[in-house]
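See below for the structure under consideration.
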Amino acid sequence: MGAYESIEVSASALSAERLAMDTIANNIANANTTRTPEGGAFKRQLVVFAQKPDPTTSGGGTTSAGFSSFGQMGTPDSVMNDDSASARAGVEVTQIVQDQSPDRLVYEPGNPDADGQGYVHYPNVEVVKEMVDMMAASRAYEANVTAIQEARTQGNTTLGLLKS
Amino acid sequence: MGDLSFGPTIGMLKDAMHGASETHGVIANNIANINTPNFRRSDVSFKEALAATEPSDGDPNELALVTTDDRMIPIGGAQDVQPFQVTTTVDSTTQMRVDGSNVDVDQEMAKLSLNSSYQQTIGQLLQVQYTRLRQAIQEQS
């Protein structure tokens with residue numbers, strides 16, 4: 001692992017968390033949007049985080065799939081040697097999916113978007129939930145910034161060996 | 001093991017530095033995947049490997065005779081010196097979150113900070129070693 005690869009790992013998380021925050025901002029912005037190009041109310045969007053696949057080996061180097069159920073203690077399932085980089089490949093957003101939960105129905109017979117019974121389909125966005133998600137993304141972002149700062153400190157320590 | 005002409009300390013410190021850098025990468029990856037469902041955190045162990053690079057018996061400053069056959073009699077210094085290797089282990093023993101991930105951000109941040117201090121300590125020790133070498137080369141008092 002090179003001196004600054006760990007910064008790239010943290011940087012991948014920074015962009016992923018930022019994308020998550022952008023998505024949340026879009027959800028909040030469209031919390032009351034009843035018309036979309038696809039027709040119908042806006043659907044809440046969710047980002048899907050996944051561990052980045054290991055670029056050095058073909059196939060899935062990640063071990064995220066086989067997790068045991070609650071309360072079940074396993075043993076460390078794999079030991080990798082120094083060359084394996086799957087433990088430090090970073091994170092990525094693999095897709096942005098739509099939340100399929102039902103729309104919020106509000107009785108507004110005067111609204112032009114009301115259906116036959118006078119109900120308007122509002123987006124399934126809950127602003128409080130979005131705020132909580134945004135805080136989680138924000139804290140994760142901060143944690144990764146700290147990791148980058150520590151990496152820089154370590155790099156400076158190493159470079160400092162040339163001085164004095 | 002380092003260059004014997006400069007003593008074993010620098011080589012060992014170099015290995016420790018390498019280990020600290022690897023540890024940082026793995027902790028950074030754990031933190032990067034805070035929000036990844038079903039993610040399993042990884043651990044690095046190199047301190048055992050570091051201890052194994054130390055010569056087990058004999059004077060470490062004494063040059064060892066290389067033995068290429070079992071019937072040869074080993075003489076002097078470092079025997080059974082293992083090459084330094086960093087091992088990364090996926091920790092699947094703990095389960096603490098509903099989404100299947102076992103990353104605890106507080107723990108990871110503490111480890112990050114600890115590893116940083118460790119690396120800086122090693123850096124200072126290396127600097128002392130280099131200063132001594134320089135003094136010896138320049139005949140400073």
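Every chain in the structure tokens takes a letter, A first, then B, and so on in the order presented; its residues are numbered from 1, and the ligands are numbered from 1 following the presented order.
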Identify all chain B residues at most 8 Å from chain A by counting only C-alpha atoms; ligands do not count. Present them as a ChimeraX atom specification. /B:21-22,24-26,28-40,42,85-95,100,105,109,112-113,116,119-120,123,126-127,131
In chain B, what's strand (DSSP E or B) per DSSP? Answer as a PyMOL selection string? chain B and resi 42-45+87-90
Distance query segment 128-132 of chain A at most 8 Å, only C-alpha atoms, self and fewer than 6 positions along chain excluded, as a ChimeraX atom specification: /A:24,27-28
Just write the chosen residues, all heavy atoms, as a PDB file, in the first residue's frame.
```
ATOM      1  N   ILE A  24     -30.328  13.171  -0.309  1.00  0.00           N
ATOM      2  CA  ILE A  24     -31.230  13.558   0.777  1.00  0.00           C
ATOM      3  C   ILE A  24     -31.763  14.969   0.540  1.00  0.00           C
ATOM      4  O   ILE A  24     -32.967  15.230   0.715  1.00  0.00           O
ATOM      5  CB  ILE A  24     -30.493  13.450   2.125  1.00  0.00           C
ATOM      6  CG1 ILE A  24     -30.189  11.982   2.442  1.00  0.00           C
ATOM      7  CG2 ILE A  24     -31.311  14.070   3.239  1.00  0.00           C
ATOM      8  CD1 ILE A  24     -29.159  11.789   3.516  1.00  0.00           C
ATOM      9  N   ASN A  27     -34.429  14.798  -1.910  1.00  0.00           N
ATOM     10  CA  ASN A  27     -35.661  14.277  -1.306  1.00  0.00           C
ATOM     11  C   ASN A  27     -36.405  15.374  -0.566  1.00  0.00           C
ATOM     12  O   ASN A  27     -37.626  15.507  -0.689  1.00  0.00           O
ATOM     13  CB  ASN A  27     -35.330  13.136  -0.340  1.00  0.00           C
ATOM     14  CG  ASN A  27     -34.956  11.864  -1.060  1.00  0.00           C
ATOM     15  OD1 ASN A  27     -35.220  11.718  -2.242  1.00  0.00           O
ATOM     16  ND2 ASN A  27     -34.334  10.951  -0.349  1.00  0.00           N
ATOM     17  N   ILE A  28     -35.649  16.154   0.232  1.00  0.00           N
ATOM     18  CA  ILE A  28     -36.300  17.207   1.020  1.00  0.00           C
ATOM     19  C   ILE A  28     -36.864  18.281   0.090  1.00  0.00           C
ATOM     20  O   ILE A  28     -37.976  18.776   0.279  1.00  0.00           O
ATOM     21  CB  ILE A  28     -35.306  17.806   2.032  1.00  0.00           C
ATOM     22  CG1 ILE A  28     -34.879  16.738   3.036  1.00  0.00           C
ATOM     23  CG2 ILE A  28     -35.931  18.986   2.767  1.00  0.00           C
ATOM     24  CD1 ILE A  28     -33.799  17.182   3.978  1.00  0.00           C
TER      25      ILE A  28
END
```
Residue list (helix (DSSP H, G or I), DSSP) for chain B, as number ranges by chain: B: 4-6, 8-32, 47-53, 105-138
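Atom pair atom CA of Ile122 of chain B / atom CA of Ala16 of chain B: separated by 7.2 Å.
We find atom CA of Phe42 of chain A and atom CA of Pro123 of chain A to be spaced 5.0 Å apart.
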Figure out the distance between atom CA of Leu50 of chain B and atom CA of Leu13 of chain B, please, to one decimal in Å.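 Atom-to-atom, atom CA of Leu13 of chain B and atom CA of Leu50 of chain B are spaced 9.3 Å apart.
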Neighbour list for Asp99 of chain A as a VMD selection string, cut-off 8 Å, only C-alpha atoms, skip fewer than 4 positions in-chain: chain A and resid 43 to 46 124
Mind dumping the selected residues with all heavy atoms as an mmCIF file, in the first residue's frame?
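Wrote selection.cif, looks like this:
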```
data_model
loop_
_atom_site.group_PDB
_atom_site.id
_atom_site.type_symbol
_atom_site.label_atom_id
_atom_site.label_comp_id
_atom_site.auth_asym_id
_atom_site.auth_seq_id
_atom_site.Cartn_x
_atom_site.Cartn_y
_atom_site.Cartn_z
ATOM 1 N N LYS A 43 -40.865 10.046 -5.909
ATOM 2 C CA LYS A 43 -40.555 8.905 -5.037
ATOM 3 C C LYS A 43 -39.258 9.198 -4.294
ATOM 4 O O LYS A 43 -38.291 9.678 -4.885
ATOM 5 C CB LYS A 43 -40.382 7.632 -5.871
ATOM 6 C CG LYS A 43 -41.662 7.147 -6.530
ATOM 7 C CD LYS A 43 -42.446 6.289 -5.574
ATOM 8 C CE LYS A 43 -43.668 5.702 -6.275
ATOM 9 N NZ LYS A 43 -44.669 5.274 -5.305
ATOM 10 N N ARG A 44 -39.259 8.884 -3.015
ATOM 11 C CA ARG A 44 -38.054 9.065 -2.213
ATOM 12 C C ARG A 44 -36.917 8.208 -2.782
ATOM 13 O O ARG A 44 -37.129 7.045 -3.156
ATOM 14 C CB ARG A 44 -38.355 8.637 -0.785
ATOM 15 C CG ARG A 44 -37.180 8.661 0.140
ATOM 16 C CD ARG A 44 -37.599 8.217 1.519
ATOM 17 N NE ARG A 44 -36.494 8.253 2.426
ATOM 18 C CZ ARG A 44 -36.142 7.229 3.203
ATOM 19 N NH1 ARG A 44 -36.833 6.120 3.179
ATOM 20 N NH2 ARG A 44 -35.119 7.341 4.011
ATOM 21 N N GLN A 45 -35.727 8.797 -2.855
ATOM 22 C CA GLN A 45 -34.587 8.065 -3.399
ATOM 23 C C GLN A 45 -33.623 7.668 -2.299
ATOM 24 O O GLN A 45 -33.432 8.410 -1.335
ATOM 25 C CB GLN A 45 -33.865 8.916 -4.445
ATOM 26 C CG GLN A 45 -34.701 9.108 -5.689
ATOM 27 C CD GLN A 45 -34.061 10.028 -6.686
ATOM 28 O OE1 GLN A 45 -33.346 10.941 -6.295
ATOM 29 N NE2 GLN A 45 -34.328 9.795 -7.946
ATOM 30 N N LEU A 46 -33.028 6.507 -2.458
ATOM 31 C CA LEU A 46 -32.094 5.983 -1.465
ATOM 32 C C LEU A 46 -30.800 5.585 -2.151
ATOM 33 O O LEU A 46 -30.840 5.014 -3.244
ATOM 34 C CB LEU A 46 -32.679 4.744 -0.782
ATOM 35 C CG LEU A 46 -33.900 4.942 0.119
ATOM 36 C CD1 LEU A 46 -34.569 3.606 0.374
ATOM 37 C CD2 LEU A 46 -33.489 5.581 1.419
ATOM 38 N N ASN A 124 -43.582 9.953 -0.797
ATOM 39 C CA ASN A 124 -43.389 9.189 0.432
ATOM 40 C C ASN A 124 -42.148 9.653 1.191
ATOM 41 O O ASN A 124 -41.425 8.857 1.774
ATOM 42 C CB ASN A 124 -43.302 7.691 0.111
ATOM 43 C CG ASN A 124 -42.274 7.388 -0.957
ATOM 44 O OD1 ASN A 124 -41.642 8.308 -1.485
ATOM 45 N ND2 ASN A 124 -42.097 6.132 -1.289
#
```
Mind checking which residues fall within 10 Å of Tyr107 of chain A, counting only C-alpha atoms, ignoring those fewer than 2 positions away in the same chain, and posting them as a list in words?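 Contacts, with the query itself left out: Leu105, Pro109, Gly110, Asn111, Ala114, Asp115, Gln117, Gly118, Tyr119, Val120 and His121 of chain A.
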For the residues selected in the previous step, produce a file with N, CA and C atoms as a PDB file, in the first residue's frame.
```pdb
ATOM      1  N   LEU A 105     -51.229  10.060   1.315  1.00  0.00           N
ATOM      2  CA  LEU A 105     -52.498  10.502   0.735  1.00  0.00           C
ATOM      3  C   LEU A 105     -53.083  11.624   1.591  1.00  0.00           C
ATOM      4  N   PRO A 109     -59.721  17.934  -2.250  1.00  0.00           N
ATOM      5  CA  PRO A 109     -60.521  17.810  -3.478  1.00  0.00           C
ATOM      6  C   PRO A 109     -60.292  18.945  -4.462  1.00  0.00           C
ATOM      7  N   GLY A 110     -59.851  20.127  -3.960  1.00  0.00           N
ATOM      8  CA  GLY A 110     -59.665  21.260  -4.852  1.00  0.00           C
ATOM      9  C   GLY A 110     -58.367  21.203  -5.643  1.00  0.00           C
ATOM     10  N   ASN A 111     -57.464  20.323  -5.252  1.00  0.00           N
ATOM     11  CA  ASN A 111     -56.157  20.252  -5.906  1.00  0.00           C
ATOM     12  C   ASN A 111     -56.299  19.653  -7.304  1.00  0.00           C
ATOM     13  N   ALA A 114     -55.698  15.934  -7.592  1.00  0.00           N
ATOM     14  CA  ALA A 114     -56.476  15.005  -6.780  1.00  0.00           C
ATOM     15  C   ALA A 114     -57.043  13.893  -7.645  1.00  0.00           C
ATOM     16  N   ASP A 115     -57.159  12.688  -7.068  1.00  0.00           N
ATOM     17  CA  ASP A 115     -57.736  11.576  -7.829  1.00  0.00           C
ATOM     18  C   ASP A 115     -59.261  11.601  -7.691  1.00  0.00           C
ATOM     19  N   GLN A 117     -61.381  10.233  -5.797  1.00  0.00           N
ATOM     20  CA  GLN A 117     -61.972  10.396  -4.470  1.00  0.00           C
ATOM     21  C   GLN A 117     -61.538  11.677  -3.771  1.00  0.00           C
ATOM     22  N   GLY A 118     -60.788  12.507  -4.462  1.00  0.00           N
ATOM     23  CA  GLY A 118     -60.372  13.763  -3.859  1.00  0.00           C
ATOM     24  C   GLY A 118     -59.061  13.681  -3.102  1.00  0.00           C
ATOM     25  N   TYR A 119     -58.346  12.556  -3.230  1.00  0.00           N
ATOM     26  CA  TYR A 119     -57.070  12.415  -2.525  1.00  0.00           C
ATOM     27  C   TYR A 119     -55.920  12.811  -3.442  1.00  0.00           C
ATOM     28  N   VAL A 120     -54.954  13.512  -2.871  1.00  0.00           N
ATOM     29  CA  VAL A 120     -53.743  13.870  -3.614  1.00  0.00           C
ATOM     30  C   VAL A 120     -52.618  12.948  -3.165  1.00  0.00           C
ATOM     31  N   HIS A 121     -51.900  12.362  -4.123  1.00  0.00           N
ATOM     32  CA  HIS A 121     -50.735  11.525  -3.801  1.00  0.00           C
ATOM     33  C   HIS A 121     -49.521  12.418  -3.599  1.00  0.00           C
TER      34      HIS A 121
END
```
